[in-house]
Amino acid sequence: MNGGLHDAFNLTEKLVSVLQSGADERVLDRYERQRRPIAEEEIIQQAHRNRTRMQERDPERRREMLKDLQRMIDDPAKLKAYLMKSSMIDGLRRAAAVG
């Protein structure tokens, strides 16, 4: 869902610049270069992480995964990095750098 929201904002910004500000329609081509590769990569990675956690059946491994998450919560820098990645904000920043 985050990816779809980010895509919508990215495309809306470009549509507004074309429709209201008279920007060249070629600005819309930038959407494909900015969002698609990053969104696909991030969605695939996040889905894999989620699927791996949900499908793990070994109780000991599940405990270790939970402990890893708890350790991350206890470290503000790691927690922020996780939140920036899982909310796809890192991807927004990478997309903004694409011309």
# chains A, B, ... in the order shown; residues from 1 in each chain; ligands from 1

call {"tool": "residues_around", "arguments": {"residues": "A:Asn2", "least_positions_apart": "2", "cutoff": "10 Å", "atoms": "only C-alpha atoms", "output": "MDAnalysis selection string"}}
result
chainID A and resid 4:8 39 43 86:89

call {"tool": "write_last_selection", "arguments": {"atoms": "C-alpha atoms", "output": "compact mmCIF listing (two decimals), in the first residue's frame"}}
result
# COMPACT_ATOMS: atom_id res chain seq x y z
CA GLY A 4 0.84 2.71 -4.30
CA LEU A 5 0.48 5.87 -2.24
CA HIS A 6 3.98 7.01 -3.12
CA ASP A 7 3.30 6.28 -6.80
CA ALA A 8 0.07 8.30 -6.67
CA ALA A 39 8.92 0.26 -6.17
CA ILE A 43 7.92 -4.41 -2.79
CA SER A 86 9.61 -0.60 5.50
CA SER A 87 7.57 2.55 4.85
CA MET A 88 9.43 2.93 1.54
CA ILE A 89 10.61 6.44 2.40

call {"tool": "residues_around", "arguments": {"residues": "A:Met65", "least_positions_apart": "2", "cutoff": "12 Å", "atoms": "only C-alpha atoms", "output": "list in words"}}
result
Arg49, Asn50, Thr52, Arg53, Met54, Gln55, Glu56, Arg57, Asp58, Pro59, Glu60, Arg61, Arg62, Arg63, Lys67, Asp68, Leu69, Gln70, Arg71 and Met72 of chain A

call {"tool": "write_last_selection", "arguments": {"atoms": "N, CA and C atoms", "output": "PDB file, in the first residue's frame"}}
result
ATOM      1  N   ARG A  49      10.581 -10.659   2.954  1.00  0.00           N
ATOM      2  CA  ARG A  49      10.826 -10.634   4.408  1.00  0.00           C
ATOM      3  C   ARG A  49       9.560 -11.037   5.171  1.00  0.00           C
ATOM      4  N   ASN A  50       8.432 -10.483   4.776  1.00  0.00           N
ATOM      5  CA  ASN A  50       7.176 -10.808   5.457  1.00  0.00           C
ATOM      6  C   ASN A  50       6.820 -12.282   5.299  1.00  0.00           C
ATOM      7  N   THR A  52       8.814 -14.798   4.680  1.00  0.00           N
ATOM      8  CA  THR A  52       9.772 -15.617   5.421  1.00  0.00           C
ATOM      9  C   THR A  52       9.375 -15.690   6.892  1.00  0.00           C
ATOM     10  N   ARG A  53       9.035 -14.542   7.477  1.00  0.00           N
ATOM     11  CA  ARG A  53       8.627 -14.538   8.890  1.00  0.00           C
ATOM     12  C   ARG A  53       7.343 -15.335   9.096  1.00  0.00           C
ATOM     13  N   MET A  54       6.380 -15.161   8.224  1.00  0.00           N
ATOM     14  CA  MET A  54       5.083 -15.829   8.403  1.00  0.00           C
ATOM     15  C   MET A  54       5.169 -17.338   8.186  1.00  0.00           C
ATOM     16  N   GLN A  55       6.065 -17.772   7.322  1.00  0.00           N
ATOM     17  CA  GLN A  55       6.139 -19.190   6.989  1.00  0.00           C
ATOM     18  C   GLN A  55       7.073 -19.983   7.886  1.00  0.00           C
ATOM     19  N   GLU A  56       7.829 -19.303   8.711  1.00  0.00           N
ATOM     20  CA  GLU A  56       8.757 -20.005   9.602  1.00  0.00           C
ATOM     21  C   GLU A  56       7.966 -20.822  10.622  1.00  0.00           C
ATOM     22  N   ARG A  57       8.256 -22.119  10.678  1.00  0.00           N
ATOM     23  CA  ARG A  57       7.530 -23.017  11.583  1.00  0.00           C
ATOM     24  C   ARG A  57       8.373 -23.505  12.752  1.00  0.00           C
ATOM     25  N   ASP A  58       9.675 -23.369  12.663  1.00  0.00           N
ATOM     26  CA  ASP A  58      10.561 -23.815  13.733  1.00  0.00           C
ATOM     27  C   ASP A  58      10.440 -22.846  14.912  1.00  0.00           C
ATOM     28  N   PRO A  59       9.973 -23.313  16.072  1.00  0.00           N
ATOM     29  CA  PRO A  59       9.761 -22.425  17.221  1.00  0.00           C
ATOM     30  C   PRO A  59      11.030 -21.682  17.643  1.00  0.00           C
ATOM     31  N   GLU A  60      12.162 -22.366  17.593  1.00  0.00           N
ATOM     32  CA  GLU A  60      13.414 -21.718  17.997  1.00  0.00           C
ATOM     33  C   GLU A  60      13.780 -20.597  17.020  1.00  0.00           C
ATOM     34  N   ARG A  61      13.643 -20.872  15.761  1.00  0.00           N
ATOM     35  CA  ARG A  61      13.942 -19.850  14.745  1.00  0.00           C
ATOM     36  C   ARG A  61      12.974 -18.666  14.874  1.00  0.00           C
ATOM     37  N   ARG A  62      11.713 -18.942  15.150  1.00  0.00           N
ATOM     38  CA  ARG A  62      10.729 -17.870  15.340  1.00  0.00           C
ATOM     39  C   ARG A  62      11.106 -17.003  16.551  1.00  0.00           C
ATOM     40  N   ARG A  63      11.575 -17.644  17.625  1.00  0.00           N
ATOM     41  CA  ARG A  63      12.024 -16.897  18.804  1.00  0.00           C
ATOM     42  C   ARG A  63      13.212 -15.999  18.455  1.00  0.00           C
ATOM     43  N   LYS A  67      13.476 -12.026  18.722  1.00  0.00           N
ATOM     44  CA  LYS A  67      14.552 -11.368  19.468  1.00  0.00           C
ATOM     45  C   LYS A  67      15.271 -10.337  18.592  1.00  0.00           C
ATOM     46  N   ASP A  68      15.491 -10.693  17.317  1.00  0.00           N
ATOM     47  CA  ASP A  68      16.119  -9.743  16.386  1.00  0.00           C
ATOM     48  C   ASP A  68      15.283  -8.472  16.270  1.00  0.00           C
ATOM     49  N   LEU A  69      13.982  -8.639  16.151  1.00  0.00           N
ATOM     50  CA  LEU A  69      13.097  -7.478  16.070  1.00  0.00           C
ATOM     51  C   LEU A  69      13.131  -6.664  17.366  1.00  0.00           C
ATOM     52  N   GLN A  70      13.172  -7.351  18.489  1.00  0.00           N
ATOM     53  CA  GLN A  70      13.221  -6.647  19.772  1.00  0.00           C
ATOM     54  C   GLN A  70      14.530  -5.879  19.928  1.00  0.00           C
ATOM     55  N   ARG A  71      15.637  -6.483  19.496  1.00  0.00           N
ATOM     56  CA  ARG A  71      16.929  -5.784  19.557  1.00  0.00           C
ATOM     57  C   ARG A  71      16.905  -4.536  18.680  1.00  0.00           C
ATOM     58  N   MET A  72      16.271  -4.650  17.542  1.00  0.00           N
ATOM     59  CA  MET A  72      16.173  -3.512  16.643  1.00  0.00           C
ATOM     60  C   MET A  72      15.376  -2.378  17.315  1.00  0.00           C
TER      61      MET A  72
END

call {"tool": "residues_around", "arguments": {"residues": "stretch 23-28 of chain A", "least_positions_apart": "4", "cutoff": "10 Å", "atoms": "only C-alpha atoms", "output": "compact mmCIF listing (two decimals) with N, CA and C atoms, in the first residue's frame"}}
result
# COMPACT_ATOMS: atom_id res chain seq x y z
N ASN A 10 3.66 10.83 -6.56
CA ASN A 10 4.67 11.13 -7.58
C ASN A 10 3.99 11.50 -8.90
N LEU A 11 3.04 10.69 -9.32
CA LEU A 11 2.36 10.94 -10.59
C LEU A 11 1.48 12.19 -10.52
N THR A 12 0.81 12.40 -9.40
CA THR A 12 -0.04 13.58 -9.25
C THR A 12 0.78 14.86 -9.38
N GLU A 13 1.94 14.87 -8.77
CA GLU A 13 2.81 16.04 -8.86
C GLU A 13 3.13 16.36 -10.32
N LYS A 14 3.40 15.33 -11.09
CA LYS A 14 3.74 15.53 -12.50
C LYS A 14 2.51 15.96 -13.31
N LEU A 15 1.37 15.35 -13.03
CA LEU A 15 0.15 15.73 -13.74
C LEU A 15 -0.22 17.18 -13.46
N VAL A 16 -0.09 17.60 -12.24
CA VAL A 16 -0.39 19.00 -11.88
C VAL A 16 0.55 19.94 -12.64
N SER A 17 1.83 19.58 -12.71
CA SER A 17 2.78 20.45 -13.41
C SER A 17 2.44 20.57 -14.90
N VAL A 18 1.91 19.51 -15.49
CA VAL A 18 1.53 19.55 -16.91
C VAL A 18 0.20 20.30 -17.08
N LEU A 19 -0.81 19.91 -16.30
CA LEU A 19 -2.15 20.45 -16.50
C LEU A 19 -2.33 21.88 -15.99
N GLU A 32 8.01 6.81 -14.76
CA GLU A 32 8.44 5.43 -15.02
C GLU A 32 9.87 5.21 -14.57
N ARG A 33 10.74 6.16 -14.86
CA ARG A 33 12.16 6.03 -14.47
C ARG A 33 12.34 6.14 -12.96
N GLY A 99 16.60 11.71 -12.45
CA GLY A 99 16.14 12.82 -13.30
C GLY A 99 15.25 12.42 -14.41

call {"tool": "select_by_dssp", "arguments": {"residues": "chain A", "states": "alpha helix (DSSP H)", "output": "number ranges by chain"}}
result
A: 2-19, 29-55, 59-74, 76-86, 89-96

call {"tool": "closest_residue", "arguments": {"among": "A:Gly91, A:Gly22, A:Pro76, A:Gly3", "to": "A:Ala47", "atoms": "only C-alpha atoms"}}
result
A:Gly3

call {"tool": "atom_distance", "arguments": {"atom1": "atom CA of A:Arg51", "atom2": "atom CA of A:Leu83"}}
result
17.9 Å

call {"tool": "atom_distance", "arguments": {"atom1": "atom CA of A:Asp74", "atom2": "atom CA of A:Glu42"}}
result
24.4 Å
